[in-house]
Each structure stands twice: as C-alpha cells, then as structure tokens.
Amino acid sequence: MSEALNIIKDETLTYRQELIALARLGESTDNTIRYSEAYYEGKRKGALCDLNEGVMPYRPRYICPDYDLLFEKGCAFLGIEPPTDLLEAVNALEIFYAHVPSITTYPVYLGDLDKLLTPFVEKEDPAFAKKVLKLFLLQIDKVLTDSFVHFDIGPEDNPTARMLLELTEEMQLAVPNITLKYDPERTSDDFALACIRCMLKTAKPSFANHRMFVSEWGEDYAIASCYNGLKKAGGGFTLPRMRLYECSLDASDADDFLNRVLPHYIDLQLEYMDKRVRFIVEESTFFKDNFLSTEGFVKQENFTGMFGVVGLAECCNNLLGITDKKKGFGLNREATQLGVRIMDAIEKRVSEHVAPYCDAFDHRYRLHAQVGIDTDGMQDSPGTRIPIGVEPTMLEQLEVNEIFHKYFPTGTGDIFKFEETYIKTPEAILPIIKGSLANGLRYFSGYLENNDVVRVTGYLVKKSEIEKLNQRKQSLNNVTVFGKGAQDGAHALDRRIQKHGE
Amino acid sequence: MANKAPINKIISFSNVDGPGNRTSIFFQGCGFNCLFCHNPETINLCLNCGICMEKCPAGAISRDEEGRIVWDKDQCVSCDTCIQVCPHSSSPKIRWMTTDDVMQEIHRSAPYITGITCSGGECTIWYEFMLELFKKVKEINKGCLIDSNGSFDFEQDPRILEYCDGVMLDVKAANPEWHRTLTGADRDMVMKNLRYLLAANKLYEVRTLIFPDRDRENEETVKYVSEIIQDRCFYKIIRYRPFGVREENKKLLGEWTTDEKYAEQYAQLARDLGASKAYVV
Ligand code: SF4
Ligand code: SF4
C-alpha cells in the first residue's frame with residue numbers, strides 16, 4: 001500500500017486527522033531546503049530530529065497572536081469589529097482562532113483569557129457569563145481538537161479565572177491546556193489553592209514561574225502548547241531537537257563528548273534552524289501577506305528559534321557507563337554534575353551563535369527541553385527529566401529540576417502524580433509549589449492518580465480515549481494517539497506517585 | 001556528648017501529619033503496645049539479638065566491635081525481612097542522630113514545608129532531644145507539632161509547649177478496661193493530657209480509631225472526647241485498617257477495614273455533641 005492509502009484506510013483517524021496527515025505527506029515530496037551531508041547523517045543516526053515539522057515550513061511552528069489588539073482594533077481581514085460585550089468578544093475569538101495556524105494546524109495559544117474577558121464578564125449577570133464561557137470552552141474542545149491548544153490565567157485572582165476553573169472541573173475536558181502564571185506577590189493563596197483543586201481533578205492548570213518568565217521575556221509573554229514560553233505578538237519559528245542519548249553514542253567518553261561530539265551536533269542543529277528561519281521569513285509568504293502579520297497581530301521580530309534537547313539523563317548515564325538507571329542521572333551526583341556541564345556547554349555555544357532575524361532576542365535562539373514524542377521509547381527521557389520509574393523522593397526530584405530549569409526560557413517542566421489523599425489536602429501542595437518556584441523551578445504540573453484526564457509528557461489526554469484507540473476506535477483529540485504511543489513505548493503514565501508517607 | 005535519639009525514619013513531605021506539607025520525624029520506642037499498631041517495628045529499641053542479621057538477603061546488617069547491630073543504608077534493598085523476623089518489635093534500620101543531624105535534613109526540605117511533626121513510636125520518650133530540636137526549628141520559622149499517645153505528663157513538664165504549635169493526641173479508648181486491652185497501658189494520663197492541653201490551647205487534634213462492629217466501645221470513646229473538646233480542636237475519626245497489624249491481633253480487632261459509612265456515623269455523633277470539627281479519614 002502507498003503511504004497515502006495507508007492514511008486513507010486508517011480507521012482510527014478522523015477526517016481532519018487524515019487531511020493533516022495527507023498534507024504532511026504532500027509537503028514531504030519537496031526538497032527545496034538542502035542541508036549539509038553531515039546533517040542528514042546525524043538525522044539518519046537519530047541524533048538529530050526535526051519533530052516531523054515538515055520539510056517546507058510555510059508558517060512558524062508556534063504563533064502567539066496579540067489578542068489585545070484584536071479587542072482594541074478588530075480585524076479587517078476577518079471583518080471583526082472591536083467587541084462591545086461578552087458574546088461579541090467570545091465570538092470574535094472563536095472566529096479568529098480558526099485562522100491562527102501552527103504546526104498542529106490549531107492555535108497553540110488562546111490568550112490570557114481571564115485578562116481578555118474580565119471587562120466583558122463584569123458587565124454581565126454571573127450566571128449568564130458562566131453559560132457563555134461554558135459554551136466557549138465546549139466550542140474549543142470540540143473544534144480545536146488538540147491538547148496543545150493552551151490558555152493562560154493569572155497572576156491575579158479574578159472572577160473570570162474562577163469561572164474558567166469551575167467549568168474546567170465540571171466539564172472534565174482534555175482541551176484546552178491551562179497555565180496559571182504564578183507570582184508569590186500577586187497570586188493569592190486562595191486563588192492558588194483553587195487552581196490546585198482544579199489540577200487534582202483535571203490535571204490542569206500547571207504553574208508557571210511568572211517572575212522567571214518575566215525576567216527573560218518581559219511582561220508580555222505567553223505560555224503556549226505544552227509549556228512553551230514565547231513572546232506575545234510573536235512565537236517560535238521552528239523546534240528541532242538533539243537527541244542527546246543518540247548523540248552520546250558517538251563519543252568515547254565524557255570529555256570527547258563535550259569537546260568534539262556536542263559542538264558538532266549543536267552546529268548542525270543551528271544550521272538546520274538558520275535555513276528554516278530564513279526560508280520562513282524570506283521565501284514563505286507568511287510574514288508578507290498573512291493578515292496576522294500585515295495587521296500587526298504578530299511581528300516577525302518577536303519570533304525566535306527554539307533549540308530543543310531531549311534525553312539528557314540517558315546521555316549522562318551512557319557517557320559514565322551507568323547501566324542501572326536507579327544509580328544514574330538525578331540519583332547520582334556525578335551523573336547530575338555531568339548534566340550540568342553538558343547544559344552549560346550547550347547554552348554557551350547556542351548563545352554565541354548569531355541567528356538570522358530574532359531581532360527582539362538580540363539575534364539569539366533560546367533553549368527548549370523537549371518532552372519527547374510517541375515514538376521515542378525508553379531511550380530519551382523528556383528534556384532533563386529523571387527517567388520514569390526511578391524517580392527519587394519528590395524533594396530530591398525537585399532539587400534536580402531546580403538545577404536544570406533555568407536553561408530553558410522556551411519551556412521545560414516536570415509532572416508530579418499525587419496519591420488520592422491529596423484531594424483532601426490541597427494545602428499540602430501549595431508550599432511545595434511555592435518553594436520550588438522560589439528555588440528556580442520553571443514549571444510545575446500535577447495530577448491525581450486515577451483521574452481520567454491525565455498529563456502524559458506535557459499534554460493532556462483522557463485515559464478513556466486511549467482505551468478507545470486500544471480498541472481501534474476514533475478519538476476526536478489529535479493528541480490521544482501520541483499519548484497511546486508514550487504509554488506503550490515509554491510508560492509515561494507510570495511515573496512515581498507522591499504518597500503520604502514518602 | 002551531643003544528645004542523640006534513635007530515628008526510625010524521616011519523611012521529607014507528608015500531607016497527613018498536620019496542616020500543610022510537613023517533614024515527619026519518626027522516633028523509635030513506645031511505652032504502649034497497641035494491638036492495632038501498624039508499624040510494630042517502632043515499639044522497642046533493638047536488643048542486638050542478631051536474628052535479623054542472619055536473615056538479611058543483602059548483607060546490610062552487621063555488628064560493630066561492641067556487638068551492637070549496625071545497618072548499612074547503601075547496602076539495604078528495603079525488603080523489610082528484618083522487620084518481619086524481629087521477635088522484639090524492633091528494627092535494625094535505626095539511625096542514632098543528633099539534633100544537628102536531623103536539622104540537616106529539615107534544612108533541605110525547609111523551602112517546601114509548612115512545618116515538622118514529631119511522631120513515632122512515641123516521640124515524647126525523647127523529650128529533651130525534641131525540645132532542643134524544636135528550638136532550632138523555630139529559629140528557621142517553621143511550625144512544630146507533636147504526635148503523641150498521651151503517656152507523657154505535659155502538665156508536670158510543659159517546657160516544650162512554648163515551642164510546639166500543638167499536639168495531635170491519640171485517644172484510643174475512654175473505657176479503662178478497653179484501653180488496657182488495646183494498649184497494655186492505663187488511660188488516666190491520656191485523659192489528663194486531653195484536658196490539660198485543651199486548656200493550654202495546645203491541642204491541635206484528637207484522633208480516635210473506629211473498629212468494625214465495636215458499637216459500644218466506639219460510642220463511649222467518641223462521646224467522651226466530643227463532650228470535652230467541643231469545637232476547640234479537630235477530631236479525626238480514623239477507620240481501623242488491618243494492614244501491618246500483627247496476625248494474632250487481627251483475630252480480635254477485625255480482618256477488614258472499618259466501613260466508611262459506619263465511621264461517618266461516629267463523626268456525625270461527634271458533631272451532634274458539639275465537636276463540630278470532626279471528620280473521617
Ligand atoms: S530491609 Fe532489612 S533485611 Fe531487607 S535488606 Fe534492608 S536491612 Fe536487610
Ligand atoms: S532488630 Fe530485632 S532482630 Fe534485629 S538485632 Fe535488633 S532486636 Fe534482634
């Protein structure tokens with residue numbers, strides 16, 4: 001069977017999923033952008049991975065439109081007037097979302113919804129406002145059927161955020177993903193606790209270290225997709241990743257890796273990024289004629305390239321000849337220290353590279369701890385995480401995370417699975433989040449064991465939907481199939497549980 | 001020489017030993033010998049008999065020059081064989097620690113916790129040690145709670161209460177006979193502490209275990225406690241669970257976990273009697 005026929009005959013794909021797969025297949029027939037032989041060699045070995053971004057980028061990978069501008073000026077291309085009430089506001093957003101592209105074809109950033117909608121919510125009867133928001137969320141879940149669709153709330157408490165939390169609990173939807181921008185001075189304990197309660201019931205929101213993001217991006221940053229920090233009215237051009245374990249297979253020892261292998265692959269990934277960024281800006285028409293760009297909802301200078309890495313744990317273990325993961329990265333000082341040396345080296349070399357465009361970032365790319373994809377198996381743990389199954393106590397896991405999160409302005413995070421007793425003690429989780437964010441953790445996600453909506457490596461799926469795929473039925477959510485791959489291949493749902501008494 | 005105490009274990013994060021997230025310190029040794037004890041290996045200090053040493057599959061237990069049992073944490077594979085074979089309700093996996101040793105671990109968890117809880121065993125056996133520890137914990141502005149069986153006379157020596165935010169007191173039985181059967185000890189000191197700590201404003205919570213099908217005993221205890229504490233502290237109604245309980249005792253107390261609805265009746269009874277902060281776990 002041809003690949004196209006395979007897609008068309010796959011009973012687990014919805015119509016839209018087939019369409020996307022076929023478009024990818026079509027794109028892959030082109031070879032306009034050529035890379036060096038060494039790059040292709042690295043890709044063949046699995047040391048470099050393009051995350052199936054497609055060979056011909058015809059839009060940036062992630063786009064974070066300036067929704068404030070939409071509400072201020074409306075949109076000429078879509079014929080949207082500035083909204084005057086909640087119904088118009090929600091309607092404007094729904095129309096707009098349908099026209100925001102991304103790697104997934106769905107918008108990965110829906111806005112800081114509480115801030116956007118509060119002026120309109122305040123003018124309505126609360127029960128009516130809640131009803132409108134409910135239909136809005138339902139529309140998102142059923143039309144933007146992809147868990148990388150993401151909105152942000154906070155740092156301050158507000159009635160709109162509360163309604164969104166209540167509805168999230170009530171509706172138990174996997175889409176969209178939510179982040180609370182947490183700032184110890186601006187986020188009240190009461191609001192944070194409401195978010196924790198919601199997180200225990202629905203695996204969201206996650207907690208972003210607001211101060212850390214602001215220090216790197218300024219106040220106008222967005223958390224998009226799974227946990228990606230990006231600039232509003234901007235986004236990410238491209239996100240390839242170095243698979244550090246596979247890279248390490250080329251090295252004879254740690255020094256050889258640091259001195260020879262690592263620079264080699266870093267430079268190849270930079271070459272790849274430079275060519276793609278140039279292509280997007282210079283060849284594709286996105287920044288020239290797409291209304292998002294021409295009407296100022298995004299500005300080309302606010303985009304940067306995301307330099308991804310994955311599998312630091314396995315890389316360090318391999319270089320030190322550690323075969324027992326229980327005695328490896330995250331649990332062994334020497335392996336963790338090697339991880340620090342590797343990350344320092346990556347950060348330094350990438351920051352020395354002058355990238356094309358990326359004007360708002362001094363022509364520099366920014367690092368990203370990639371969470372892994374469904375086909376990775378057990379070889380590459382997400383970003384700099386400790387491998388699933390050998391996580392130490394939560395305290396030790398946090399300490400290791402705190403060392404590595406600083407490297408990744410375009411996103412990293414860890415996920416903690418809590419035992420059922422925590423549903424009655426959200427106050428026991430708040431100090432953990434506060435302490436870890438204060439100590440340099442960038443992004444905290446949690447969920448309760450035995451929930452239907454669970455977080456796999458960064459995105460959310462319903463376990464019942466994975467079950468559907470196991471029985472070869474269709475799942476509306478594009479991401480469920482990744483979740484199934486991650487569970488089958490990497491046992492991503494079997495992470496350590498924070499029990500009382502550990 | 002610095003004051004040392006035998007520590008059975010330290011749990012960096014706990015959500016069930018008082019409010020918020022707490023580091024729990026479990027001391028070795030207890031004056032009671034409760035039939036339902038879930039971790040009977042904390043009851044006595046090791047007698048250095050050596051039985052566990054023979055049975056350890058990892059060679060993690062040995063003797064020092066003076067014949068005392070020593071445990072090698074790095075060798076241990078956490079199989080708990082030693083605990084199962086120990087005939088003296090003890091464990092070789094004890095660390096004799098100074099308050100500075102314990103503080104070292106507390107410093108590590110400090111950024112993430114609300115406070116610490118001393119538990120056991122029975123922590124009040126190590127009163128001087130605990131007093132020294134609490135003073136140090138207060139210096140870093142963390143809360144201190146005591147989880148106690150009520151055998152220590154707080155009225156006679158209340159020094160620690162100055163540093164302690166509250167006591168979580170087990171009231172196992174109101175009926176003197178039933179108390180003796182359950183714990184092997186007299187109930188009077190527990191009741192004295194119940195009143196004293198309440199009056200001193202240092203009673204954080206009272207806990208009572210509800211046994212399956214023990215209507216009369218359960219009711220007597222819940223009534224007794226509720227009438228005294230009223231709404232002035234939490235009342236945690238705990239369902240008896242047979243896990244970890246010694247086999248012979250399960251015959252008397254029950255092979256099953258207390259039904260949630262059955263336990264809820266007693267929480268309701270407590271609330272009806274004025275103990276408004278009663279709840280089931
Ligand atoms: S738990 Fe006890 S018996 Fe098992 S390895 Fe450790 S010391 Fe030895
Ligand atoms: S722990 Fe128990 S079995 Fe082992 S030496 Fe001590 S008393 Fe004997």
# chains A, B, ... in the order shown; residues from 1 in each chain; ligands from 1
>>> residues_near_ligand(ligand="ligand 1", cutoff="9 Å", atoms="only C-alpha atoms and all ligand atoms", output="NGL selection string")
:B and (52-61 or 71-73 or 75-85 or 91-93)
>>> interface_residues(of="chain B", to="chain A", cutoff="10 Å", atoms="only C-alpha atoms", output="list in words")
Ile10, Ile11, Ser12, Phe13, Ser14, Asn15, Val16, Asp17, Gly18, Pro19, Gly20, Asn21, Arg22, Thr23, Ser24, Arg108, Ser109, Ala110, Pro111, Tyr112, Ile113, Thr114 and Val281 of chain B
>>> write_last_selection(atoms="N, CA and C atoms", output="PDB file, in the first residue's frame")
ATOM      1  N   ILE B  10      12.728   9.520  58.542  1.00  0.00           N
ATOM      2  CA  ILE B  10      12.317  10.908  58.328  1.00  0.00           C
ATOM      3  C   ILE B  10      11.683  10.974  56.947  1.00  0.00           C
ATOM      4  N   ILE B  11      10.461  11.463  56.914  1.00  0.00           N
ATOM      5  CA  ILE B  11       9.761  11.597  55.637  1.00  0.00           C
ATOM      6  C   ILE B  11       9.773  13.068  55.262  1.00  0.00           C
ATOM      7  N   SER B  12      10.360  13.376  54.111  1.00  0.00           N
ATOM      8  CA  SER B  12      10.527  14.795  53.793  1.00  0.00           C
ATOM      9  C   SER B  12       9.199  15.503  53.558  1.00  0.00           C
ATOM     10  N   PHE B  13       8.283  14.873  52.805  1.00  0.00           N
ATOM     11  CA  PHE B  13       6.981  15.501  52.531  1.00  0.00           C
ATOM     12  C   PHE B  13       5.860  14.592  53.016  1.00  0.00           C
ATOM     13  N   SER B  14       5.026  15.105  53.886  1.00  0.00           N
ATOM     14  CA  SER B  14       3.855  14.341  54.308  1.00  0.00           C
ATOM     15  C   SER B  14       2.635  15.242  54.312  1.00  0.00           C
ATOM     16  N   ASN B  15       1.512  14.751  53.830  1.00  0.00           N
ATOM     17  CA  ASN B  15       0.279  15.543  53.831  1.00  0.00           C
ATOM     18  C   ASN B  15      -0.711  15.035  54.877  1.00  0.00           C
ATOM     19  N   VAL B  16      -0.312  14.082  55.706  1.00  0.00           N
ATOM     20  CA  VAL B  16      -1.260  13.518  56.668  1.00  0.00           C
ATOM     21  C   VAL B  16      -0.810  13.669  58.121  1.00  0.00           C
ATOM     22  N   ASP B  17       0.199  14.467  58.374  1.00  0.00           N
ATOM     23  CA  ASP B  17       0.676  14.636  59.745  1.00  0.00           C
ATOM     24  C   ASP B  17       0.523  16.067  60.220  1.00  0.00           C
ATOM     25  N   GLY B  18      -0.656  16.627  59.973  1.00  0.00           N
ATOM     26  CA  GLY B  18      -0.888  18.007  60.375  1.00  0.00           C
ATOM     27  C   GLY B  18      -1.067  18.883  59.157  1.00  0.00           C
ATOM     28  N   PRO B  19      -1.273  20.194  59.392  1.00  0.00           N
ATOM     29  CA  PRO B  19      -1.639  21.079  58.287  1.00  0.00           C
ATOM     30  C   PRO B  19      -0.486  21.319  57.310  1.00  0.00           C
ATOM     31  N   GLY B  20      -0.838  21.477  56.035  1.00  0.00           N
ATOM     32  CA  GLY B  20       0.152  21.800  55.013  1.00  0.00           C
ATOM     33  C   GLY B  20       1.045  20.620  54.672  1.00  0.00           C
ATOM     34  N   ASN B  21       2.210  20.960  54.176  1.00  0.00           N
ATOM     35  CA  ASN B  21       3.198  19.938  53.832  1.00  0.00           C
ATOM     36  C   ASN B  21       4.224  19.879  54.954  1.00  0.00           C
ATOM     37  N   ARG B  22       4.472  18.687  55.509  1.00  0.00           N
ATOM     38  CA  ARG B  22       5.331  18.611  56.691  1.00  0.00           C
ATOM     39  C   ARG B  22       6.407  17.547  56.553  1.00  0.00           C
ATOM     40  N   THR B  23       7.512  17.817  57.186  1.00  0.00           N
ATOM     41  CA  THR B  23       8.532  16.778  57.329  1.00  0.00           C
ATOM     42  C   THR B  23       8.226  16.042  58.630  1.00  0.00           C
ATOM     43  N   SER B  24       8.075  14.723  58.517  1.00  0.00           N
ATOM     44  CA  SER B  24       7.712  13.935  59.697  1.00  0.00           C
ATOM     45  C   SER B  24       8.906  13.136  60.185  1.00  0.00           C
ATOM     46  N   ARG B 108      17.006  20.893  54.335  1.00  0.00           N
ATOM     47  CA  ARG B 108      16.839  20.546  52.929  1.00  0.00           C
ATOM     48  C   ARG B 108      15.376  20.667  52.503  1.00  0.00           C
ATOM     49  N   SER B 109      14.469  20.223  53.347  1.00  0.00           N
ATOM     50  CA  SER B 109      13.058  20.290  52.955  1.00  0.00           C
ATOM     51  C   SER B 109      12.413  21.628  53.312  1.00  0.00           C
ATOM     52  N   ALA B 110      13.118  22.442  54.104  1.00  0.00           N
ATOM     53  CA  ALA B 110      12.531  23.687  54.622  1.00  0.00           C
ATOM     54  C   ALA B 110      11.850  24.577  53.574  1.00  0.00           C
ATOM     55  N   PRO B 111      12.441  24.749  52.379  1.00  0.00           N
ATOM     56  CA  PRO B 111      11.783  25.660  51.424  1.00  0.00           C
ATOM     57  C   PRO B 111      10.377  25.213  51.026  1.00  0.00           C
ATOM     58  N   TYR B 112      10.084  23.941  51.213  1.00  0.00           N
ATOM     59  CA  TYR B 112       8.839  23.387  50.673  1.00  0.00           C
ATOM     60  C   TYR B 112       7.813  23.033  51.743  1.00  0.00           C
ATOM     61  N   ILE B 113       8.143  23.243  52.998  1.00  0.00           N
ATOM     62  CA  ILE B 113       7.251  22.722  54.038  1.00  0.00           C
ATOM     63  C   ILE B 113       6.649  23.819  54.909  1.00  0.00           C
ATOM     64  N   THR B 114       5.542  23.441  55.554  1.00  0.00           N
ATOM     65  CA  THR B 114       4.857  24.305  56.488  1.00  0.00           C
ATOM     66  C   THR B 114       5.502  24.164  57.867  1.00  0.00           C
ATOM     67  N   VAL B 281     -11.251   9.966  58.217  1.00  0.00           N
ATOM     68  CA  VAL B 281     -10.233   9.696  57.185  1.00  0.00           C
ATOM     69  C   VAL B 281     -10.127   8.191  56.965  1.00  0.00           C
TER      70      VAL B 281
END
>>> residues_around(residues="range 294-296 of chain A", least_positions_apart="5", cutoff="12 Å", atoms="only C-alpha atoms", output="ChimeraX atom specification")
/A:64-70,73-78,232-234,285-289,301-302
>>> closest_residue(among="B:Ala200, B:Ala5, B:Val70, B:Ile228", to="Leu273 in chain B", atoms="only C-alpha atoms")
B:Ile228
>>> closest_atom_pairs(of="range 108-155 of chain A", to="range 11-27 of chain A", cutoff="12 Å", atoms="only C-alpha atoms", output="tab-separated table")
residue	atom	partner	partner_atom	distance
A:Val143	CA	A:Arg16	CA	10.5
A:Leu144	CA	A:Arg16	CA	10.9
A:Thr145	CA	A:Arg16	CA	9.7
A:Asp146	CA	A:Gln17	CA	10.5
>>> select_by_dssp(residues="range 78-161 of chain A", states="helix (DSSP H, G or I)", output="PyMOL selection string")
chain A and resi 86-97+113-121+126-143+159-161
